[in-house]
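A.B. asks: Contents of query-v8.tsv (TSV, C-alpha atoms and all ligand atoms) are below:
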chain	number	residue	atom	x	y	z
M	2	MET	CA	0.00	0.00	0.00
M	3	LYS	CA	1.33	3.45	-0.88
M	4	ARG	CA	2.02	5.90	1.89
M	5	VAL	CA	0.42	9.31	2.35
M	6	LEU	CA	1.67	11.96	4.75
M	7	SER	CA	0.64	15.51	5.54
M	8	GLY	CA	0.69	18.06	8.32
M	9	ILE	CA	-1.09	21.19	9.46
M	10	GLN	CA	0.28	23.83	11.81
M	11	PRO	CA	-1.55	24.53	15.08
M	12	SER	CA	-0.90	28.24	14.73
M	13	GLY	CA	-4.49	29.51	14.75
M	14	GLN	CA	-8.02	28.56	13.83
M	15	LEU	CA	-8.24	26.25	10.82
M	16	THR	CA	-10.11	27.77	7.88
M	17	LEU	CA	-12.31	26.55	5.09
M	18	GLY	CA	-9.16	26.90	2.93
M	19	ASN	CA	-7.37	24.31	5.07
M	20	TYR	CA	-10.40	22.04	4.81
M	21	ILE	CA	-10.85	22.26	1.04
M	22	GLY	CA	-7.16	22.43	0.16
M	23	ALA	CA	-5.96	19.72	2.51
M	24	LEU	CA	-8.10	18.08	5.24
M	25	ARG	CA	-10.91	17.01	2.98
M	26	ASN	CA	-8.51	14.97	0.89
M	27	PHE	CA	-6.92	13.36	3.93
M	28	GLY	CA	-10.11	11.56	4.81
M	29	LYS	CA	-10.57	10.33	1.24
M	30	LEU	CA	-7.06	8.96	0.89
M	31	GLN	CA	-7.15	6.81	4.00
M	32	HIS	CA	-9.32	4.20	2.30
M	33	THR	CA	-6.67	3.39	-0.28
M	34	HIS	CA	-3.40	4.35	1.42
M	35	GLU	CA	-1.45	3.94	4.64
M	36	CYS	CA	-1.73	7.43	6.12
M	37	PHE	CA	0.27	9.62	8.50
M	38	PHE	CA	-1.39	12.90	9.50
M	39	MET	CA	0.27	15.14	12.01
M	40	VAL	CA	-0.16	18.38	13.83
M	41	VAL	CA	3.13	20.11	13.10
M	42	ASP	CA	3.75	21.91	16.38
M	43	LEU	CA	7.52	22.15	15.79
M	44	HIS	CA	6.74	24.15	12.66
M	45	ALA	CA	4.26	26.39	14.49
M	46	VAL	CA	6.95	27.68	16.87
M	47	THR	CA	8.98	29.10	13.98
M	48	VAL	CA	6.95	32.22	14.73
M	49	PRO	CA	6.24	33.28	18.35
M	50	GLN	CA	3.38	31.34	19.97
M	51	GLU	CA	1.71	32.03	23.29
M	52	PRO	CA	2.16	28.72	25.24
M	53	ALA	CA	-1.46	28.36	26.41
M	54	ALA	CA	-2.75	29.15	22.92
M	55	LEU	CA	-0.37	26.66	21.31
M	56	LYS	CA	-1.61	23.91	23.62
M	57	GLU	CA	-5.27	24.71	22.93
M	58	GLN	CA	-4.77	24.97	19.16
M	59	SER	CA	-2.84	21.71	19.06
M	60	GLU	CA	-5.75	19.85	20.63
M	61	ALA	CA	-8.22	21.70	18.44
M	62	VAL	CA	-6.40	20.81	15.21
M	63	ALA	CA	-6.01	17.15	16.23
M	64	ALA	CA	-9.73	16.99	17.07
M	65	LEU	CA	-10.60	18.65	13.74
M	66	PHE	CA	-8.60	16.02	11.89
M	67	ILE	CA	-10.78	13.33	13.38
M	68	ALA	CA	-13.99	15.36	13.09
M	69	SER	CA	-13.23	15.83	9.37
M	70	GLY	CA	-13.32	12.11	8.81
M	71	ILE	CA	-9.86	10.80	9.60
M	72	ASP	CA	-10.30	7.56	11.47
M	73	PRO	CA	-7.61	7.31	14.18
M	74	ALA	CA	-7.85	3.51	14.11
M	75	LYS	CA	-7.06	3.44	10.41
M	76	SER	CA	-4.70	6.41	10.01
M	77	ASN	CA	-1.79	7.48	12.19
M	78	VAL	CA	-2.76	10.80	13.76
M	79	PHE	CA	-0.10	12.34	15.97
M	80	MET	CA	1.76	15.40	17.22
M	81	GLN	CA	5.03	16.04	15.40
M	82	SER	CA	6.83	16.81	18.68
M	83	HIS	CA	5.86	13.40	20.09
M	84	VAL	CA	8.10	11.66	17.57
M	85	THR	CA	11.59	12.96	18.27
M	86	ALA	CA	12.98	11.57	15.01
M	87	HIS	CA	11.50	14.61	13.19
M	88	ALA	CA	13.80	17.05	14.98
M	89	GLU	CA	16.78	14.73	14.51
M	90	LEU	CA	16.33	14.12	10.80
M	91	GLY	CA	15.39	17.79	10.40
M	92	TRP	CA	18.84	18.75	11.69
M	93	LEU	CA	20.61	16.25	9.45
M	94	LEU	CA	18.76	17.51	6.37
M	95	THR	CA	19.47	21.14	7.34
M	96	THR	CA	23.15	20.33	6.91
M	97	LEU	CA	22.38	19.15	3.37
M	98	THR	CA	20.31	22.20	2.40
M	99	TYR	CA	21.86	25.24	0.71
M	100	MET	CA	21.25	28.78	1.96
M	101	GLY	CA	20.28	29.81	-1.58
M	102	GLU	CA	17.54	27.20	-1.69
M	103	LEU	CA	16.01	28.48	1.54
M	104	GLU	CA	16.35	32.11	0.47
M	105	ARG	CA	14.21	31.37	-2.58
M	106	MET	CA	11.24	30.04	-0.60
M	107	THR	CA	8.24	32.34	-1.06
M	108	GLN	CA	6.68	31.35	2.27
M	109	PHE	CA	9.85	32.52	4.04
M	110	LYS	CA	9.87	35.76	2.07
M	111	ASP	CA	6.19	36.39	2.91
M	112	LYS	CA	6.50	35.56	6.59
M	113	SER	CA	9.75	37.46	7.14
M	114	SER	CA	9.10	40.55	5.04
M	115	GLY	CA	8.88	43.75	7.06
M	116	LYS	CA	9.81	41.98	10.34
M	117	GLU	CA	12.58	43.42	12.46
M	118	SER	CA	13.77	40.11	13.83
M	119	VAL	CA	13.25	36.81	12.11
M	120	GLY	CA	13.92	33.50	13.85
M	121	ALA	CA	16.43	31.13	12.23
M	122	GLY	CA	13.81	28.37	12.51
M	123	LEU	CA	11.57	30.19	10.05
M	124	PHE	CA	14.44	30.03	7.58
M	125	THR	CA	15.24	26.33	8.05
M	126	TYR	CA	11.53	25.37	8.25
M	127	PRO	CA	11.55	23.63	4.82
M	128	SER	CA	14.34	21.23	5.87
M	129	LEU	CA	12.22	20.12	8.81
M	130	MET	CA	9.24	19.66	6.51
M	131	ALA	CA	11.40	17.51	4.23
M	132	ALA	CA	12.32	15.41	7.26
M	133	ASP	CA	8.62	14.97	8.13
M	134	ILE	CA	7.99	13.48	4.73
M	135	LEU	CA	11.17	11.48	4.09
M	136	LEU	CA	11.16	9.90	7.54
M	137	TYR	CA	8.20	7.79	6.44
M	138	ASN	CA	9.22	7.35	2.82
M	139	ALA	CA	5.88	8.88	1.90
M	140	ASP	CA	4.81	8.43	-1.73
M	141	LEU	CA	2.10	11.10	-1.78
M	142	VAL	CA	1.76	14.43	0.06
M	143	PRO	CA	-1.70	16.05	-0.10
M	144	VAL	CA	-1.30	19.82	0.31
M	145	GLY	CA	-2.63	23.09	-1.02
M	146	ASP	CA	-0.94	24.98	-3.80
M	147	ASP	CA	1.19	27.14	-1.48
M	148	GLN	CA	3.25	24.09	-0.42
M	149	LYS	CA	4.38	23.13	-3.92
M	150	GLN	CA	7.75	24.84	-3.56
M	151	HIS	CA	8.47	23.11	-0.24
M	152	LEU	CA	7.64	19.78	-1.87
M	153	GLU	CA	10.08	20.50	-4.70
M	154	LEU	CA	12.82	21.16	-2.16
M	155	THR	CA	11.95	17.92	-0.36
M	156	ARG	CA	12.35	16.03	-3.63
M	157	ASP	CA	15.69	17.74	-4.30
M	158	LEU	CA	16.96	16.86	-0.81
M	159	ALA	CA	15.87	13.23	-1.15
M	160	HIS	CA	17.63	13.02	-4.48
M	161	ARG	CA	20.75	14.71	-3.09
M	162	PHE	CA	20.93	12.33	-0.14
M	163	ASN	CA	20.40	9.30	-2.37
M	164	THR	CA	23.13	10.43	-4.76
M	165	ARG	CA	25.60	11.17	-2.01
M	166	TYR	CA	24.98	8.22	0.33
M	167	GLY	CA	23.18	5.62	-1.75
M	168	GLN	CA	19.49	4.87	-2.37
M	169	THR	CA	17.64	5.64	0.87
M	170	PHE	CA	14.61	7.87	0.40
M	171	THR	CA	11.48	7.55	-1.74
M	172	ILE	CA	10.99	10.67	-3.88
M	173	PRO	CA	7.53	11.95	-2.83
M	174	GLU	CA	4.86	13.30	-5.19
M	175	PRO	CA	2.65	16.27	-4.31
M	176	TYR	CA	-1.09	15.64	-4.40
M	177	ILE	CA	-2.73	18.98	-5.12
M	178	PRO	CA	-6.48	19.23	-5.81
M	179	GLN	CA	-7.47	20.56	-9.25
M	180	VAL	CA	-10.10	22.89	-7.86
M	181	GLY	CA	-9.77	24.44	-4.42
M	182	ALA	CA	-5.99	24.19	-4.04
M	183	ARG	CA	-5.98	27.89	-3.39
M	184	ILE	CA	-9.04	29.32	-1.67
M	185	MET	CA	-8.73	33.09	-1.55
M	186	SER	CA	-9.68	35.70	1.06
M	187	LEU	CA	-13.27	36.86	1.11
M	188	ASP	CA	-12.17	40.49	1.26
M	189	ASP	CA	-9.29	40.36	-1.23
M	190	ALA	CA	-9.07	37.72	-3.93
M	191	SER	CA	-5.37	38.37	-4.48
M	192	LYS	CA	-4.50	36.85	-1.07
M	193	LYS	CA	-5.03	33.27	0.06
M	194	MET	CA	-7.57	32.64	2.77
M	195	SER	CA	-5.47	32.46	5.92
M	196	LYS	CA	-6.00	32.05	9.63
M	197	SER	CA	-3.27	34.62	10.26
M	198	ASN	CA	-5.22	37.44	8.56
M	199	PRO	CA	-6.14	39.99	11.28
M	200	ASN	CA	-9.52	40.60	9.59
M	201	ALA	CA	-11.72	37.67	10.69
M	202	GLY	CA	-14.19	38.58	7.94
M	203	SER	CA	-11.61	37.51	5.38
M	204	TYR	CA	-11.81	33.83	6.28
M	205	ILE	CA	-14.34	31.25	7.35
M	206	ALA	CA	-13.05	29.33	10.33
M	207	MET	CA	-14.02	25.65	10.44
M	208	LEU	CA	-15.52	26.34	13.85
M	209	ASP	CA	-17.44	29.50	12.94
M	210	GLU	CA	-21.10	29.40	14.01
M	211	PRO	CA	-23.57	28.98	11.09
M	212	ASP	CA	-24.84	32.55	11.48
M	213	VAL	CA	-21.30	33.90	11.40
M	214	ILE	CA	-20.67	31.93	8.20
M	215	ARG	CA	-23.83	33.36	6.63
M	216	LYS	CA	-22.83	36.89	7.58
M	217	LYS	CA	-19.28	36.52	6.26
M	218	ILE	CA	-20.45	35.15	2.93
M	219	SER	CA	-23.10	37.82	2.50
M	220	ARG	CA	-20.38	40.44	3.04
M	221	ALA	CA	-17.83	38.75	0.77
M	222	VAL	CA	-16.49	41.13	-1.85
M	223	THR	CA	-17.76	40.60	-5.42
M	224	ASP	CA	-17.67	42.91	-8.45
M	225	SER	CA	-20.11	45.37	-9.98
M	226	GLY	CA	-21.38	42.82	-12.52
M	227	ARG	CA	-24.09	40.25	-11.88
M	228	GLU	CA	-22.99	37.16	-13.81
M	229	VAL	CA	-22.03	34.04	-11.86
M	230	LYS	CA	-19.18	33.19	-14.21
M	231	PHE	CA	-15.91	31.40	-13.53
M	232	ASP	CA	-13.19	33.70	-14.83
M	233	PRO	CA	-10.25	33.85	-12.38
M	234	GLN	CA	-8.54	36.70	-14.28
M	235	GLY	CA	-11.54	38.91	-14.98
M	236	LYS	CA	-13.73	37.99	-11.97
M	237	PRO	CA	-11.38	36.72	-9.25
M	238	GLU	CA	-13.79	37.24	-6.31
M	239	VAL	CA	-16.77	35.50	-7.89
M	240	SER	CA	-14.54	32.73	-9.23
M	241	ASN	CA	-13.25	32.07	-5.72
M	242	LEU	CA	-16.83	31.79	-4.42
M	243	ILE	CA	-17.69	29.42	-7.27
M	244	SER	CA	-14.71	27.22	-6.36
M	245	ILE	CA	-15.87	27.07	-2.76
M	246	TYR	CA	-19.41	26.25	-3.90
M	247	ALA	CA	-18.21	23.51	-6.25
M	248	GLN	CA	-16.10	21.90	-3.53
M	249	CYS	CA	-18.77	22.06	-0.84
M	250	ALA	CA	-21.55	20.80	-3.15
M	251	ASP	CA	-19.41	18.19	-4.92
M	252	MET	CA	-20.21	19.80	-8.25
M	253	THR	CA	-18.08	21.01	-11.14
M	254	VAL	CA	-17.50	24.70	-11.70
M	255	GLN	CA	-19.52	24.44	-14.94
M	256	GLU	CA	-22.47	22.90	-13.10
M	257	VAL	CA	-22.46	25.77	-10.62
M	258	GLU	CA	-22.32	28.34	-13.41
M	259	ALA	CA	-25.22	26.68	-15.22
M	260	MET	CA	-27.31	26.55	-12.06
M	261	TYR	CA	-27.08	30.32	-11.47
M	262	GLU	CA	-27.25	31.53	-15.04
M	263	GLY	CA	-29.08	34.83	-15.19
M	264	GLN	CA	-29.76	34.92	-11.44
M	265	GLY	CA	-27.28	37.48	-10.07
M	266	TYR	CA	-25.15	37.26	-6.95
M	267	GLY	CA	-27.89	37.42	-4.30
M	268	PRO	CA	-29.38	33.91	-4.62
M	269	PHE	CA	-25.95	32.45	-5.37
M	270	LYS	CA	-24.41	33.80	-2.16
M	271	LYS	CA	-27.39	32.74	-0.11
M	272	ASP	CA	-27.18	29.16	-1.36
M	273	LEU	CA	-23.40	29.17	-1.04
M	274	ALA	CA	-23.69	30.00	2.66
M	275	GLU	CA	-26.07	27.05	3.15
M	276	ARG	CA	-23.70	24.71	1.27
M	277	VAL	CA	-20.81	25.74	3.50
M	278	VAL	CA	-22.91	25.39	6.66
M	279	ALA	CA	-24.04	21.93	5.51
M	280	VAL	CA	-20.41	20.85	5.24
M	281	LEU	CA	-19.12	22.42	8.44
M	282	GLU	CA	-22.02	21.87	10.85
M	283	PRO	CA	-21.63	18.06	11.13
M	284	ILE	CA	-17.87	18.48	11.51
M	285	GLN	CA	-18.46	20.95	14.34
M	286	GLN	CA	-20.80	18.51	16.06
M	287	ARG	CA	-18.25	15.70	15.88
M	288	TYR	CA	-15.56	18.13	17.03
M	289	ARG	CA	-17.52	18.89	20.20
M	290	ASP	CA	-18.12	15.18	20.81
M	291	ILE	CA	-14.43	14.33	20.48
M	292	ARG	CA	-13.26	17.13	22.73
M	293	GLY	CA	-15.91	16.22	25.28
M	294	SER	CA	-15.13	12.51	25.24
M	295	GLY	CA	-11.60	12.73	26.66
M	296	GLU	CA	-10.36	10.21	24.10
M	297	LEU	CA	-8.15	12.54	22.12
M	298	HIS	CA	-4.99	11.97	24.16
M	299	SER	CA	-5.17	8.21	23.84
M	300	PHE	CA	-5.64	8.52	20.05
M	301	LEU	CA	-2.59	10.79	19.87
M	302	ARG	CA	-0.49	8.52	22.10
M	303	GLN	CA	-1.30	5.52	19.95
M	304	GLY	CA	-0.63	7.48	16.74
M	305	ALA	CA	2.77	8.63	18.01
M	306	GLU	CA	3.79	5.11	19.01
M	307	ARG	CA	2.99	3.75	15.58
M	308	ALA	CA	4.65	6.69	13.82
M	309	ALA	CA	7.80	6.37	15.94
M	310	ALA	CA	8.01	2.66	15.12
M	311	ALA	CA	7.89	3.50	11.41
M	312	ALA	CA	10.37	6.39	11.69
M	313	GLN	CA	13.11	4.83	13.86
M	314	PRO	CA	14.53	2.36	11.32
M	315	VAL	CA	14.70	5.08	8.66
M	316	LEU	CA	16.53	7.47	10.97
M	317	ARG	CA	18.93	4.73	11.97
M	318	GLN	CA	19.68	3.92	8.34
M	319	VAL	CA	20.31	7.60	7.58
M	320	LYS	CA	22.74	7.90	10.47
M	321	GLU	CA	24.58	4.76	9.45
M	322	LYS	CA	24.92	5.99	5.88
M	323	MET	CA	26.20	9.38	6.98
M	324	GLY	CA	28.88	7.75	9.10
M	325	PHE	CA	27.56	8.21	12.61
M	326	LEU	CA	28.54	5.57	15.13
M	327	VAL	CA	25.39	3.50	15.41
M	328	PHE	CA	25.37	0.58	17.84
M	401	LIG	P1	-1.16	25.63	7.20
M	401	LIG	O1	-2.40	26.19	7.76
M	401	LIG	O2	-0.28	26.68	6.59
M	401	LIG	O3	-0.45	24.69	8.10
M	401	LIG	O4	-1.65	24.78	5.94
M	401	LIG	C1	-2.16	23.47	6.09
M	401	LIG	C2	-2.62	22.94	4.75
M	401	LIG	O5	-3.74	23.67	4.27
M	401	LIG	C3	-1.56	23.02	3.65
M	401	LIG	O6	-1.65	21.87	2.85
M	401	LIG	C4	-1.96	24.23	2.88
M	401	LIG	O7	-1.53	24.18	1.55
M	401	LIG	C5	-3.49	24.16	2.97
M	401	LIG	N1	-4.08	25.50	2.86
M	401	LIG	C6	-3.91	26.55	3.70
M	401	LIG	N2	-4.59	27.63	3.29
M	401	LIG	C7	-5.21	27.27	2.12
M	401	LIG	C8	-6.07	27.95	1.20
M	401	LIG	N3	-6.42	29.22	1.39
M	401	LIG	N4	-6.51	27.27	0.14
M	401	LIG	C9	-6.17	25.97	-0.06
M	401	LIG	N5	-5.37	25.27	0.77
M	401	LIG	C10	-4.88	25.91	1.86
M	402	LIG	N1	4.46	23.57	5.76
M	402	LIG	C1	3.12	23.05	5.79
M	402	LIG	C2	2.14	24.22	5.81
M	402	LIG	O1	2.43	25.30	6.25
M	402	LIG	C3	2.88	22.17	6.99
M	402	LIG	C4	3.73	20.94	6.97
M	402	LIG	C5	4.77	20.67	7.79
M	402	LIG	C6	3.57	19.83	6.12
M	402	LIG	N2	5.29	19.44	7.53
M	402	LIG	C7	4.58	18.89	6.51
M	402	LIG	C8	2.71	19.53	5.07
M	402	LIG	C9	4.73	17.68	5.84
M	402	LIG	C10	2.86	18.30	4.40
M	402	LIG	C11	3.87	17.39	4.79
M	402	LIG	O2	1.05	24.05	5.40
I need this file expressed as structure tokens, please.
Ligand code: AMP
Ligand code: TRP
C.D. replies:
Amino acid sequence: MKRVLSGIQPSGQLTLGNYIGALRNFGKLQHTHECFFMVVDLHAVTVPQEPAALKEQSEAVAALFIASGIDPAKSNVFMQSHVTAHAELGWLLTTLTYMGELERMTQFKDKSSGKESVGAGLFTYPSLMAADILLYNADLVPVGDDQKQHLELTRDLAHRFNTRYGQTFTIPEPYIPQVGARIMSLDDASKKMSKSNPNAGSYIAMLDEPDVIRKKISRAVTDSGREVKFDPQGKPEVSNLISIYAQCADMTVQEVEAMYEGQGYGPFKKDLAERVVAVLEPIQQRYRDIRGSGELHSFLRQGAERAAAAAQPVLRQVKEKMGFLVF
């Protein structure tokens, strides 16, 4: 069975963008693949985190994984920091990564631009992400569009290691959805929908109340036209809403266009809000059940044990190949 691996940072509320771009596919892949899904807390601390908030968000993200359909009995769900091999292999791969490669990463440029002090961890972040993936010899990595460049670097590092020390790592493939890989902000279609946007009206959080979702969608920016037409260049705002609709309703973009032909934005937005609520409400219910049940920690403990058992032999092999004394 092929292996799938992905991670999400516990650095704020998860958004509908995280769900459509990543989480939704996690649940689908577990039926046909051996899956590793982690909450990447070591990545989250590459920017300052308030300790109590980090703890709360970590539990929330883990619970949302399960609420979104990941079965902890079938898939390995765990906290990155619970498997120490990530930090170890991350360091080893950092020594193999070139400064120039890290300097080219757009996520680093975005997150560091305009900041007075930038942590070194934010710079070496992609080497740790490569370690996350290569540690399990993952074949497939489901992510949104913004992670493509990190995946390319991971492939380069795997190739570099294999060339230098002999065949060790599987070269992973990205798995990026055709529609919905890049859900944009509701207030500005040139920016991706992100939990770190200070304007909460710009994103739909997975845990937003139905009425909040309705309000946010009714206020979403459109254009002065009235045609529900998918045209990302000419009508970026409406096209983004059509993508969200198509994903939430399991329809194609063309089907959505046809359904609202000649109807204007009003009815379209109203229905869109109900489609989003219909997707998120059951997830929110399961989320509350999981957090209330007290079972989350035992799921995470079990996930970490299984992940560590898979990771240890790979780390050991890497160390042996690099010339470390391994007994
Ligand atoms: P992050 O929240 O940065 O840890 O991202 C977790 C996953 O969600 C990654 O696979 C991202 O590519 C994906 N993701 C985040 N924001 C969006 C978005 N606006 N549209 C689509 N996918 C996204
Ligand atoms: N960098 C990813 C993000 O910001 C999160 C991540 C960390 C990840 N390690 C990973 C994603 C391994 C896929 C595989 O979204």
A.B. asks: Tell me which protein, DNA and RNA residues are within 12 Å of M:Phe231, counting all atoms listed in the file, leaving out same-chain ones fewer than 3 positions away, and put them as a ChimeraX atom specification.
C.D. replies: /M:180,228,234-247,253-259,261-262
A.B. asks: Any idea what the distance is between atom CA of M:Thr169 and atom CA of M:Ala121?
C.D. replies: 27.9 Å
A.B. asks: May I have a table of the residues of chain M lying at most 7 Å from ligand LIG 402 (chain M), giving each one's closest pair of atoms and their distance in Å to one decimal, counting all atoms listed in the file, ordered by chain and ascending residue number, as CSV?
C.D. replies:
residue,atom,partner,partner_atom,distance
M:Leu6,CA,M:LIG402,C11,5.9
M:Ser7,CA,M:LIG402,C10,3.7
M:Gly8,CA,M:LIG402,C6,4.0
M:Ile9,CA,M:LIG402,C3,4.8
M:Gln10,CA,M:LIG402,C3,5.7
M:Val41,CA,M:LIG402,C5,5.6
M:His44,CA,M:LIG402,C5,6.3
M:Met130,CA,M:LIG402,N2,4.1
M:Ala131,CA,M:LIG402,C9,6.9
M:Asp133,CA,M:LIG402,C9,5.3
M:Ile134,CA,M:LIG402,C9,5.4
M:Val142,CA,M:LIG402,C10,5.9
M:Pro143,CA,M:LIG402,C10,6.8
M:Val144,CA,M:LIG402,C10,6.0
M:Gln148,CA,M:LIG402,O2,6.2
A.B. asks: Around ligand LIG 401 (chain M), which protein and nucleic acid residues have at least one atom no more than 7 Å from it, if we count only C-alpha atoms and all ligand atoms? List them as a PyMOL selection string.
C.D. replies: chain M and resi 8-10+15+18-23+143-148+181-185+193-195
A.B. asks: Measuring between only C-alpha atoms, which one of M:Tyr126, M:Phe325, M:Phe27, M:Tyr137 shows the shortest distance to M:Ala45?
C.D. replies: M:Tyr126
A.B. asks: Can you rebuild stretch 132-149 of chain M with N, CA, C and O atoms and give it as a PDB file, keeping the file's coordinate frame?
C.D. replies:
ATOM      1  N   ALA M 132      12.106  16.527   6.325  1.00  0.00           N
ATOM      2  CA  ALA M 132      12.320  15.410   7.260  1.00  0.00           C
ATOM      3  C   ALA M 132      10.996  14.729   7.597  1.00  0.00           C
ATOM      4  O   ALA M 132      10.904  13.493   7.644  1.00  0.00           O
ATOM      5  N   ASP M 133       9.943  15.524   7.814  1.00  0.00           N
ATOM      6  CA  ASP M 133       8.620  14.970   8.130  1.00  0.00           C
ATOM      7  C   ASP M 133       8.211  13.934   7.086  1.00  0.00           C
ATOM      8  O   ASP M 133       7.652  12.886   7.395  1.00  0.00           O
ATOM      9  N   ILE M 134       8.474  14.282   5.854  1.00  0.00           N
ATOM     10  CA  ILE M 134       7.990  13.480   4.730  1.00  0.00           C
ATOM     11  C   ILE M 134       8.901  12.277   4.469  1.00  0.00           C
ATOM     12  O   ILE M 134       8.447  11.140   4.323  1.00  0.00           O
ATOM     13  N   LEU M 135      10.220  12.537   4.468  1.00  0.00           N
ATOM     14  CA  LEU M 135      11.170  11.480   4.090  1.00  0.00           C
ATOM     15  C   LEU M 135      11.322  10.420   5.171  1.00  0.00           C
ATOM     16  O   LEU M 135      11.626   9.261   4.888  1.00  0.00           O
ATOM     17  N   LEU M 136      11.068  10.827   6.402  1.00  0.00           N
ATOM     18  CA  LEU M 136      11.160   9.900   7.540  1.00  0.00           C
ATOM     19  C   LEU M 136      10.246   8.693   7.379  1.00  0.00           C
ATOM     20  O   LEU M 136      10.485   7.638   7.941  1.00  0.00           O
ATOM     21  N   TYR M 137       9.165   8.885   6.625  1.00  0.00           N
ATOM     22  CA  TYR M 137       8.200   7.790   6.440  1.00  0.00           C
ATOM     23  C   TYR M 137       8.231   7.243   5.021  1.00  0.00           C
ATOM     24  O   TYR M 137       7.383   6.434   4.656  1.00  0.00           O
ATOM     25  N   ASN M 138       9.182   7.717   4.233  1.00  0.00           N
ATOM     26  CA  ASN M 138       9.220   7.350   2.820  1.00  0.00           C
ATOM     27  C   ASN M 138       7.843   7.482   2.175  1.00  0.00           C
ATOM     28  O   ASN M 138       7.359   6.575   1.482  1.00  0.00           O
ATOM     29  N   ALA M 139       7.229   8.635   2.430  1.00  0.00           N
ATOM     30  CA  ALA M 139       5.880   8.880   1.900  1.00  0.00           C
ATOM     31  C   ALA M 139       5.924   8.949   0.371  1.00  0.00           C
ATOM     32  O   ALA M 139       6.861   9.498  -0.205  1.00  0.00           O
ATOM     33  N   ASP M 140       4.918   8.377  -0.276  1.00  0.00           N
ATOM     34  CA  ASP M 140       4.810   8.430  -1.730  1.00  0.00           C
ATOM     35  C   ASP M 140       4.054   9.685  -2.168  1.00  0.00           C
ATOM     36  O   ASP M 140       4.346  10.273  -3.192  1.00  0.00           O
ATOM     37  N   LEU M 141       3.050  10.060  -1.376  1.00  0.00           N
ATOM     38  CA  LEU M 141       2.100  11.100  -1.780  1.00  0.00           C
ATOM     39  C   LEU M 141       1.895  12.091  -0.635  1.00  0.00           C
ATOM     40  O   LEU M 141       1.673  11.686   0.510  1.00  0.00           O
ATOM     41  N   VAL M 142       1.929  13.396  -0.970  1.00  0.00           N
ATOM     42  CA  VAL M 142       1.760  14.430   0.060  1.00  0.00           C
ATOM     43  C   VAL M 142       0.612  15.357  -0.343  1.00  0.00           C
ATOM     44  O   VAL M 142       0.781  16.222  -1.208  1.00  0.00           O
ATOM     45  N   PRO M 143      -0.583  15.175   0.248  1.00  0.00           N
ATOM     46  CA  PRO M 143      -1.700  16.050  -0.100  1.00  0.00           C
ATOM     47  C   PRO M 143      -1.558  17.415   0.584  1.00  0.00           C
ATOM     48  O   PRO M 143      -1.535  17.504   1.821  1.00  0.00           O
ATOM     49  N   VAL M 144      -1.441  18.460  -0.222  1.00  0.00           N
ATOM     50  CA  VAL M 144      -1.300  19.820   0.310  1.00  0.00           C
ATOM     51  C   VAL M 144      -1.980  20.797  -0.635  1.00  0.00           C
ATOM     52  O   VAL M 144      -2.309  20.457  -1.768  1.00  0.00           O
ATOM     53  N   GLY M 145      -2.141  22.025  -0.155  1.00  0.00           N
ATOM     54  CA  GLY M 145      -2.630  23.090  -1.020  1.00  0.00           C
ATOM     55  C   GLY M 145      -1.477  23.613  -1.875  1.00  0.00           C
ATOM     56  O   GLY M 145      -0.315  23.258  -1.671  1.00  0.00           O
ATOM     57  N   ASP M 146      -1.862  24.449  -2.802  1.00  0.00           N
ATOM     58  CA  ASP M 146      -0.940  24.980  -3.800  1.00  0.00           C
ATOM     59  C   ASP M 146       0.291  25.680  -3.197  1.00  0.00           C
ATOM     60  O   ASP M 146       1.395  25.594  -3.731  1.00  0.00           O
ATOM     61  N   ASP M 147       0.093  26.351  -2.060  1.00  0.00           N
ATOM     62  CA  ASP M 147       1.190  27.140  -1.480  1.00  0.00           C
ATOM     63  C   ASP M 147       2.372  26.280  -1.012  1.00  0.00           C
ATOM     64  O   ASP M 147       3.441  26.799  -0.732  1.00  0.00           O
ATOM     65  N   GLN M 148       2.182  24.963  -0.921  1.00  0.00           N
ATOM     66  CA  GLN M 148       3.250  24.090  -0.420  1.00  0.00           C
ATOM     67  C   GLN M 148       4.059  23.422  -1.526  1.00  0.00           C
ATOM     68  O   GLN M 148       4.960  22.632  -1.264  1.00  0.00           O
ATOM     69  N   LYS M 149       3.722  23.739  -2.768  1.00  0.00           N
ATOM     70  CA  LYS M 149       4.380  23.130  -3.920  1.00  0.00           C
ATOM     71  C   LYS M 149       5.907  23.310  -3.866  1.00  0.00           C
ATOM     72  O   LYS M 149       6.669  22.376  -4.097  1.00  0.00           O
TER      73      LYS M 149
END
